[in-house]
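Pasted below: data_25.pdb, PDB, C-alpha atoms.
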```
ATOM      1  CA  MET U   1     120.543  94.442  74.686
ATOM      2  CA  ASP U   2     119.664  93.697  71.053
ATOM      3  CA  THR U   3     118.009  96.919  69.926
ATOM      4  CA  ASP U   4     116.914  95.427  66.576
ATOM      5  CA  ILE U   5     114.883  92.729  68.341
ATOM      6  CA  ILE U   6     113.386  95.287  70.736
ATOM      7  CA  ILE U   7     112.463  97.654  67.897
ATOM      8  CA  SER U   8     110.795  94.745  66.076
ATOM      9  CA  GLN U   9     108.932  93.838  69.281
ATOM     10  CA  LEU U  10     107.670  97.407  69.754
ATOM     11  CA  THR U  11     106.751  97.737  66.070
ATOM     12  CA  GLU U  12     104.677  94.550  66.246
ATOM     13  CA  HIS U  13     103.014  95.898  69.387
ATOM     14  CA  PHE U  14     101.988  99.113  67.576
ATOM     15  CA  GLN U  15     100.812  97.187  64.518
ATOM     16  CA  GLU U  16      98.526  94.951  66.552
ATOM     17  CA  ILE U  17      96.374  98.071  66.950
ATOM     18  CA  VAL U  18      97.199 100.407  64.037
ATOM     19  CA  PRO U  19      98.832  99.933  60.612
ATOM     20  CA  LEU U  20     102.231 101.604  60.127
ATOM     21  CA  LYS U  21     104.179 102.104  56.892
ATOM     22  CA  GLU U  22     107.930 101.469  56.693
ATOM     23  CA  GLU U  23     108.723 105.180  56.562
ATOM     24  CA  GLU U  24     106.492 105.799  59.591
ATOM     25  CA  ILE U  25     108.260 103.067  61.556
ATOM     26  CA  ALA U  26     111.575 104.738  60.677
ATOM     27  CA  LEU U  27     110.286 108.046  62.104
ATOM     28  CA  VAL U  28     109.199 106.334  65.329
ATOM     29  CA  ILE U  29     112.575 104.593  65.724
ATOM     30  CA  GLN U  30     114.384 107.958  65.573
ATOM     31  CA  LYS U  31     112.465 109.094  68.663
ATOM     32  CA  LEU U  32     113.112 106.067  70.884
ATOM     33  CA  GLU U  33     115.337 105.957  73.965
ATOM     34  CA  PHE U  34     116.524 102.733  75.632
ATOM     35  CA  ILE U  35     117.036 102.238  79.349
ATOM     36  CA  GLN U  36     118.556  99.275  81.191
ATOM     37  CA  LEU U  37     117.438  98.822  84.797
ATOM     38  CA  LYS U  38     118.888  96.536  87.429
ATOM     39  CA  LYS U  39     116.583  94.801  89.894
ATOM     40  CA  LYS U  40     115.220  97.328  92.443
ATOM     41  CA  GLU U  41     116.408 100.297  90.361
ATOM     42  CA  TYR U  42     113.910 103.145  89.938
ATOM     43  CA  LEU U  43     112.380 104.231  86.657
ATOM     44  CA  LEU U  44     110.461 107.053  88.367
ATOM     45  CA  ARG U  45     110.484 108.433  91.901
ATOM     46  CA  GLU U  46     107.889 110.344  93.857
ATOM     47  CA  GLY U  47     108.320 114.076  93.220
ATOM     48  CA  GLN U  48     109.660 113.669  89.669
ATOM     49  CA  ILE U  49     107.498 114.670  86.716
ATOM     50  CA  SER U  50     106.827 111.810  84.311
ATOM     51  CA  ARG U  51     107.812 113.111  80.871
ATOM     52  CA  HIS U  52     107.880 109.842  78.893
ATOM     53  CA  MET U  53     105.681 106.977  77.774
ATOM     54  CA  ARG U  54     107.471 103.765  78.750
ATOM     55  CA  PHE U  55     107.247 100.322  77.137
ATOM     56  CA  ILE U  56     108.571  97.232  78.910
ATOM     57  CA  ALA U  57     110.642  95.300  76.382
ATOM     58  CA  GLN U  58     112.138  92.858  78.902
ATOM     59  CA  GLY U  59     111.662  92.228  82.606
ATOM     60  CA  SER U  60     108.980  93.347  85.047
ATOM     61  CA  LEU U  61     108.243  96.506  87.034
ATOM     62  CA  TYR U  62     105.761  97.706  89.595
ATOM     63  CA  ALA U  63     104.352 101.076  90.610
ATOM     64  CA  TYR U  64     103.397 102.043  94.139
ATOM     65  CA  HIS U  65     102.705 104.947  96.451
ATOM     66  CA  ILE U  66     103.478 105.220 100.156
ATOM     67  CA  ASP U  67     100.561 106.034 102.452
ATOM     68  CA  GLU U  68     100.569 108.160 105.595
ATOM     69  CA  LYS U  69     101.501 105.088 107.675
ATOM     70  CA  GLY U  70     104.588 104.459 105.523
ATOM     71  CA  LYS U  71     103.093 101.399 103.835
ATOM     72  CA  GLU U  72     103.713 100.619 100.156
ATOM     73  CA  ASN U  73     100.503 100.301  98.141
ATOM     74  CA  ILE U  74     101.063  98.721  94.735
ATOM     75  CA  THR U  75      98.908 100.191  91.981
ATOM     76  CA  GLN U  76     100.428  98.703  88.814
ATOM     77  CA  LEU U  77     102.296  95.561  87.806
ATOM     78  CA  GLY U  78     103.940  95.337  84.406
ATOM     79  CA  ILE U  79     105.654  92.704  82.260
ATOM     80  CA  GLU U  80     106.896  92.475  78.660
ATOM     81  CA  ASN U  81     104.815  94.303  76.042
ATOM     82  CA  TRP U  82     103.008  96.403  78.662
ATOM     83  CA  TRP U  83     103.296 100.145  79.197
ATOM     84  CA  ILE U  84     103.965 101.455  82.697
ATOM     85  CA  ASN U  85     103.756 105.068  83.790
ATOM     86  CA  ASP U  86     102.217 107.594  86.132
ATOM     87  CA  LEU U  87      99.630 108.901  83.688
ATOM     88  CA  TYR U  88      98.440 111.536  86.155
ATOM     89  CA  SER U  89     101.915 113.097  86.292
ATOM     90  CA  TYR U  90     102.452 112.659  82.542
ATOM     91  CA  LEU U  91      99.188 114.342  81.566
ATOM     92  CA  SER U  92      99.107 117.030  84.269
ATOM     93  CA  GLU U  93     102.876 117.714  84.275
ATOM     94  CA  LEU U  94     102.699 117.731  88.080
ATOM     95  CA  PRO U  95     105.139 115.847  90.348
ATOM     96  CA  SER U  96     104.461 112.139  90.594
ATOM     97  CA  ARG U  97     102.997 110.672  93.757
ATOM     98  CA  MET U  98     104.292 107.249  92.780
ATOM     99  CA  PHE U  99     107.462 105.227  92.514
ATOM    100  CA  ILE U 100     108.095 102.882  89.573
ATOM    101  CA  GLN U 101     110.719 100.253  90.319
ATOM    102  CA  ALA U 102     112.218  97.217  88.569
ATOM    103  CA  ASN U 103     111.156  93.868  90.002
ATOM    104  CA  GLU U 104     113.655  92.122  87.703
ATOM    105  CA  GLU U 105     116.402  93.339  85.402
ATOM    106  CA  ALA U 106     114.529  95.246  82.740
ATOM    107  CA  THR U 107     114.870  96.931  79.369
ATOM    108  CA  ILE U 108     112.606  99.930  78.805
ATOM    109  CA  VAL U 109     111.876 101.776  75.575
ATOM    110  CA  GLN U 110     110.662 105.296  76.169
ATOM    111  CA  ILE U 111     109.391 108.185  74.066
ATOM    112  CA  SER U 112     109.405 111.706  75.480
ATOM    113  CA  LYS U 113     106.162 113.664  75.551
ATOM    114  CA  THR U 114     107.702 116.262  73.219
ATOM    115  CA  ASN U 115     108.681 113.617  70.659
ATOM    116  CA  LEU U 116     105.376 111.812  70.977
ATOM    117  CA  GLU U 117     103.479 115.012  70.212
ATOM    118  CA  LEU U 118     105.659 115.487  67.126
ATOM    119  CA  LEU U 119     104.790 111.936  66.048
ATOM    120  CA  TYR U 120     101.077 112.650  66.529
ATOM    121  CA  ARG U 121     101.341 115.342  63.872
ATOM    122  CA  GLU U 122     103.585 113.356  61.536
ATOM    123  CA  ILE U 123     101.837 109.960  61.868
ATOM    124  CA  PRO U 124      98.067 110.004  62.497
ATOM    125  CA  ALA U 125      98.154 106.264  63.280
ATOM    126  CA  ILE U 126     100.342 106.926  66.349
ATOM    127  CA  SER U 127      97.789 109.430  67.624
ATOM    128  CA  GLU U 128      95.078 106.814  67.074
ATOM    129  CA  PHE U 129      97.165 104.191  68.904
ATOM    130  CA  TRP U 130      97.418 106.394  71.989
ATOM    131  CA  ARG U 131      93.765 107.402  71.834
ATOM    132  CA  LEU U 132      92.834 103.720  72.030
ATOM    133  CA  LYS U 133      95.451 103.017  74.723
ATOM    134  CA  MET U 134      94.189 105.891  76.895
ATOM    135  CA  GLN U 135      90.612 104.674  76.511
ATOM    136  CA  SER U 136      91.686 101.186  77.552
ATOM    137  CA  ALA U 137      93.628 102.549  80.545
ATOM    138  CA  TYR U 138      90.584 104.528  81.674
ATOM    139  CA  VAL U 139      88.298 101.500  81.393
ATOM    140  CA  THR U 140      90.792  99.375  83.359
ATOM    141  CA  LEU U 141      91.026 102.038  86.067
ATOM    142  CA  GLN U 142      87.231 102.227  86.331
ATOM    143  CA  GLU U 143      86.970  98.435  86.594
ATOM    144  CA  ARG U 144      89.669  98.356  89.270
ATOM    145  CA  THR U 145      87.957 101.137  91.253
ATOM    146  CA  PHE U 146      84.642  99.270  91.033
ATOM    147  CA  GLU U 147      86.243  95.985  92.085
ATOM    148  CA  HIS U 148      88.034  97.594  95.011
ATOM    149  CA  SER U 149      84.823  98.760  96.641
ATOM    150  CA  ARG U 150      82.189  96.263  95.500
ATOM    151  CA  VAL U 151      83.751  92.877  94.740
ATOM    152  CA  ASP U 152      84.804  90.255  97.278
ATOM    153  CA  ALA U 153      88.482  89.284  97.583
ATOM    154  CA  TYR U 154      88.075  85.855  95.993
ATOM    155  CA  THR U 155      86.422  87.315  92.898
ATOM    156  CA  LYS U 156      89.210  89.936  92.687
ATOM    157  CA  TYR U 157      91.844  87.204  92.821
ATOM    158  CA  ARG U 158      90.045  84.996  90.294
ATOM    159  CA  ASN U 159      89.626  87.935  87.885
ATOM    160  CA  PHE U 160      93.308  88.801  88.332
ATOM    161  CA  VAL U 161      94.657  85.338  87.491
ATOM    162  CA  THR U 162      92.175  84.965  84.605
ATOM    163  CA  SER U 163      92.916  88.374  83.068
ATOM    164  CA  TYR U 164      96.677  88.348  83.625
ATOM    165  CA  ARG U 165      97.840  84.806  83.021
ATOM    166  CA  ASN U 166     101.491  84.077  83.893
ATOM    167  CA  ILE U 167     101.967  87.352  85.765
ATOM    168  CA  GLU U 168     101.499  85.873  89.241
ATOM    169  CA  GLN U 169     104.708  83.831  88.946
ATOM    170  CA  ARG U 170     106.751  86.945  88.136
ATOM    171  CA  PHE U 171     106.117  88.858  91.369
ATOM    172  CA  PRO U 172     106.541  88.037  95.075
ATOM    173  CA  GLN U 173     103.366  87.161  96.964
ATOM    174  CA  TYR U 174     103.483  90.348  99.044
ATOM    175  CA  MET U 175     103.310  92.441  95.848
ATOM    176  CA  ILE U 176     100.315  90.513  94.493
ATOM    177  CA  ALA U 177      98.642  90.840  97.904
ATOM    178  CA  SER U 178      99.291  94.591  98.012
ATOM    179  CA  TYR U 179      97.952  94.995  94.461
ATOM    180  CA  LEU U 180      94.757  93.154  95.464
ATOM    181  CA  GLY U 181      94.490  95.000  98.790
ATOM    182  CA  ILE U 182      94.717  91.889 100.980
ATOM    183  CA  THR U 183      97.228  90.255 103.327
ATOM    184  CA  VAL U 184      99.786  87.688 102.175
ATOM    185  CA  GLU U 185      98.152  85.076 104.410
ATOM    186  CA  TYR U 186      94.747  85.692 102.850
ATOM    187  CA  LEU U 187      96.266  85.559  99.355
ATOM    188  CA  SER U 188      97.675  82.120 100.191
ATOM    189  CA  TYR U 189      94.205  80.972 101.271
ATOM    190  CA  LEU U 190      92.578  82.371  98.099
ATOM    191  CA  ARG U 191      95.197  80.719  95.907
ATOM    192  CA  LYS U 192      94.558  77.317  97.500
ATOM    193  CA  LYS U 193      90.794  77.798  97.168
ATOM    194  CA  HIS U 194      91.125  78.752  93.505
ATOM    195  CA  LEU U 195      93.357  75.743  92.735
ATOM    196  CA  SER U 196      90.828  73.503  94.448
ATOM    197  CA  ASP U 197      87.930  75.039  92.504
ATOM    198  CA  VAL U 198      89.585  74.638  89.097
ATOM    199  CA  SER U 199      90.982  71.132  89.681
TER     200      SER U 199
END
```
In structure tokens, what does this structure look like?
Amino acid sequence: MDTDIIISQLTEHFQEIVPLKEEEIALVIQKLEFIQLKKKEYLLREGQISRHMRFIAQGSLYAYHIDEKGKENITQLGIENWWINDLYSYLSELPSRMFIQANEEATIVQISKTNLELLYREIPAISEFWRLKMQSAYVTLQERTFEHSRVDAYTKYRNFVTSYRNIEQRFPQYMIASYLGITVEYLSYLRKKHLSDVS
């Protein structure tokens, strides 16, 4: 793990949204923690309280909950330069109802809630960054909720591959199917239909 490259990657990610001075970047770096995950290793388990914001520097992860029938329902997929977390647990400080697990070997950069709140006071731009990120997360959640109940499966799939280019190749078909709320067999049909439509 080359921490200098990862710090540069995270810094660029922040600066795509807010400007940061050199001294502010130095303050942020002091608060970072690095985690290496092996494939299938957990970042968060059901029942734990999420106390960090987590940035995917390398690899891919997914978040899911288990329903009353014991079935995994995938709610988030994440790759490099994305944040992955149980925001409900993080904001409410209640036990998580989700698992977050590595789909590939992964490097995570995390900032504890305590340290992030210190940064909010020390660096207004970091507070602005998270205000915009939270707004974006809320909009995405609303869109996903709307799609789930009112959009047909083919439109869901087409929106998914259009919005998240290159992500489909990173995850097994059963995970993509679970994320979209369809069967693997139906996903295969939709994929063939989409390829036919765009060719």
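Using the PyMOL selection byres ((chain U and resi 105) around 10) on this structure selects Gln36, Leu37, Lys38, Lys39, Lys40, Glu41, Gln58, Gly59, Ser60, Leu61, Ala102, Asn103, Glu104, Ala106 and Thr107 of chain U.
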Quiz item: Need the neighbours of (87.3, 102.8, 79.0): which residues are at most 12 Å away, counting only C-alpha atoms, as a PyMOL selection string?
Solution: chain U and resi 131-144
Quiz item: Tyr64 in chain U: which residues within 6 Å, counting all atoms listed in the file, same-chain residues fewer than 4 positions away excluded, as number ranges by chain?
Solution: U: 73-75, 98-99
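For the file shown, the residue list from the PyMOL selection byres ((chain U and resi 188) around 12) reads Ala153, Tyr154, Tyr157, Pro172, Gln173, Tyr174, Ile176, Ala177, Ile182, Thr183, Val184, Glu185, Tyr186, Leu187, Tyr189, Leu190, Arg191, Lys192, Lys193, His194 and Leu195 of chain U.
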Could you write out that same residue set with C-alpha atoms as an mmCIF file, keeping the file's coordinate frame?
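So result-v1.cif came out as:
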```cif
data_model
loop_
_atom_site.group_PDB
_atom_site.id
_atom_site.type_symbol
_atom_site.label_atom_id
_atom_site.label_comp_id
_atom_site.auth_asym_id
_atom_site.auth_seq_id
_atom_site.Cartn_x
_atom_site.Cartn_y
_atom_site.Cartn_z
ATOM 1 C CA ALA U 153 88.482 89.284 97.583
ATOM 2 C CA TYR U 154 88.075 85.855 95.993
ATOM 3 C CA TYR U 157 91.844 87.204 92.821
ATOM 4 C CA PRO U 172 106.541 88.037 95.075
ATOM 5 C CA GLN U 173 103.366 87.161 96.964
ATOM 6 C CA TYR U 174 103.483 90.348 99.044
ATOM 7 C CA ILE U 176 100.315 90.513 94.493
ATOM 8 C CA ALA U 177 98.642 90.840 97.904
ATOM 9 C CA ILE U 182 94.717 91.889 100.980
ATOM 10 C CA THR U 183 97.228 90.255 103.327
ATOM 11 C CA VAL U 184 99.786 87.688 102.175
ATOM 12 C CA GLU U 185 98.152 85.076 104.410
ATOM 13 C CA TYR U 186 94.747 85.692 102.850
ATOM 14 C CA LEU U 187 96.266 85.559 99.355
ATOM 15 C CA TYR U 189 94.205 80.972 101.271
ATOM 16 C CA LEU U 190 92.578 82.371 98.099
ATOM 17 C CA ARG U 191 95.197 80.719 95.907
ATOM 18 C CA LYS U 192 94.558 77.317 97.500
ATOM 19 C CA LYS U 193 90.794 77.798 97.168
ATOM 20 C CA HIS U 194 91.125 78.752 93.505
ATOM 21 C CA LEU U 195 93.357 75.743 92.735
#
```
Quiz prompt | Selection result of the PyMOL selection byres ((chain U and resi 65) around 12) on this file, as a PyMOL selection string | solution = chain U and resi 44-47+62-64+66-76+86+96-101+178-179
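With CA of Asn85 in chain U on one side and CA of Phe34 in chain U on the other, the separation reads 15.3 Å.
The shortest atom-to-atom distance to Gly78 in chain U, with all atoms listed in the file taken into account, belongs to U:Ile56 out of U:Ile35, U:Val109, U:Val151, U:Ile56.
The interatomic distance for the pair CA of Asn166 in chain U and CA of Ile111 in chain U works out to 27.2 Å.
Closest approach to Ser149 in chain U from the set U:Leu180, U:Glu128, U:Arg165, U:Ala57 is made by U:Leu180, with distances taken over only C-alpha atoms.
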Practice problem: Would you mind reading off the distance between CA of Ser8 in chain U and CA of Ile79 in chain U, one decimal, in Å? | Solution: 17.1 Å
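Here the question is which of U:Glu23, U:Glu12, U:Glu117, U:Asp4 gets nearest to His52 in chain U using all atoms listed in the file, and that residue is U:Glu117.
Closest to Ser92 in chain U among U:Pro124, U:Phe14, U:Leu27, U:Arg51 is U:Arg51, based on only C-alpha atoms.
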Exercise. Counting only C-alpha atoms, select every polymer residue within 10 Å of (105.7, 101.8, 68.9) as defined in the file's coordinates, and provide the selection as a PyMOL selection string.
Key: chain U and resi 7-15+18+20+25+28-29+31-32+55+109-111+126+129-130
Same residues, C-alpha atoms, saved as a CSV table (one decimal), in the frame of the given file:
```csv
chain,number,residue,atom,x,y,z
U,7,ILE,CA,112.5,97.7,67.9
U,8,SER,CA,110.8,94.7,66.1
U,9,GLN,CA,108.9,93.8,69.3
U,10,LEU,CA,107.7,97.4,69.8
U,11,THR,CA,106.8,97.7,66.1
U,12,GLU,CA,104.7,94.6,66.2
U,13,HIS,CA,103.0,95.9,69.4
U,14,PHE,CA,102.0,99.1,67.6
U,15,GLN,CA,100.8,97.2,64.5
U,18,VAL,CA,97.2,100.4,64.0
U,20,LEU,CA,102.2,101.6,60.1
U,25,ILE,CA,108.3,103.1,61.6
U,28,VAL,CA,109.2,106.3,65.3
U,29,ILE,CA,112.6,104.6,65.7
U,31,LYS,CA,112.5,109.1,68.7
U,32,LEU,CA,113.1,106.1,70.9
U,55,PHE,CA,107.2,100.3,77.1
U,109,VAL,CA,111.9,101.8,75.6
U,110,GLN,CA,110.7,105.3,76.2
U,111,ILE,CA,109.4,108.2,74.1
U,126,ILE,CA,100.3,106.9,66.3
U,129,PHE,CA,97.2,104.2,68.9
U,130,TRP,CA,97.4,106.4,72.0
```
Centre, x/y/z edge lengths, axis-aligned box for range 37-41 of chain U with 5 Å per side, as AutoDock Vina command-line options:
```
--center_x 117.1 --center_y 97.5 --center_z 88.6 --size_x 13.7 --size_y 15.5 --size_z 17.6
```
Practice problem: Return the single residue from U:Glu80, U:Ile108, U:Phe160, U:His148 that is closest to Thr3 in chain U, with distances computed using all atoms listed in the file. | Solution: U:Ile108
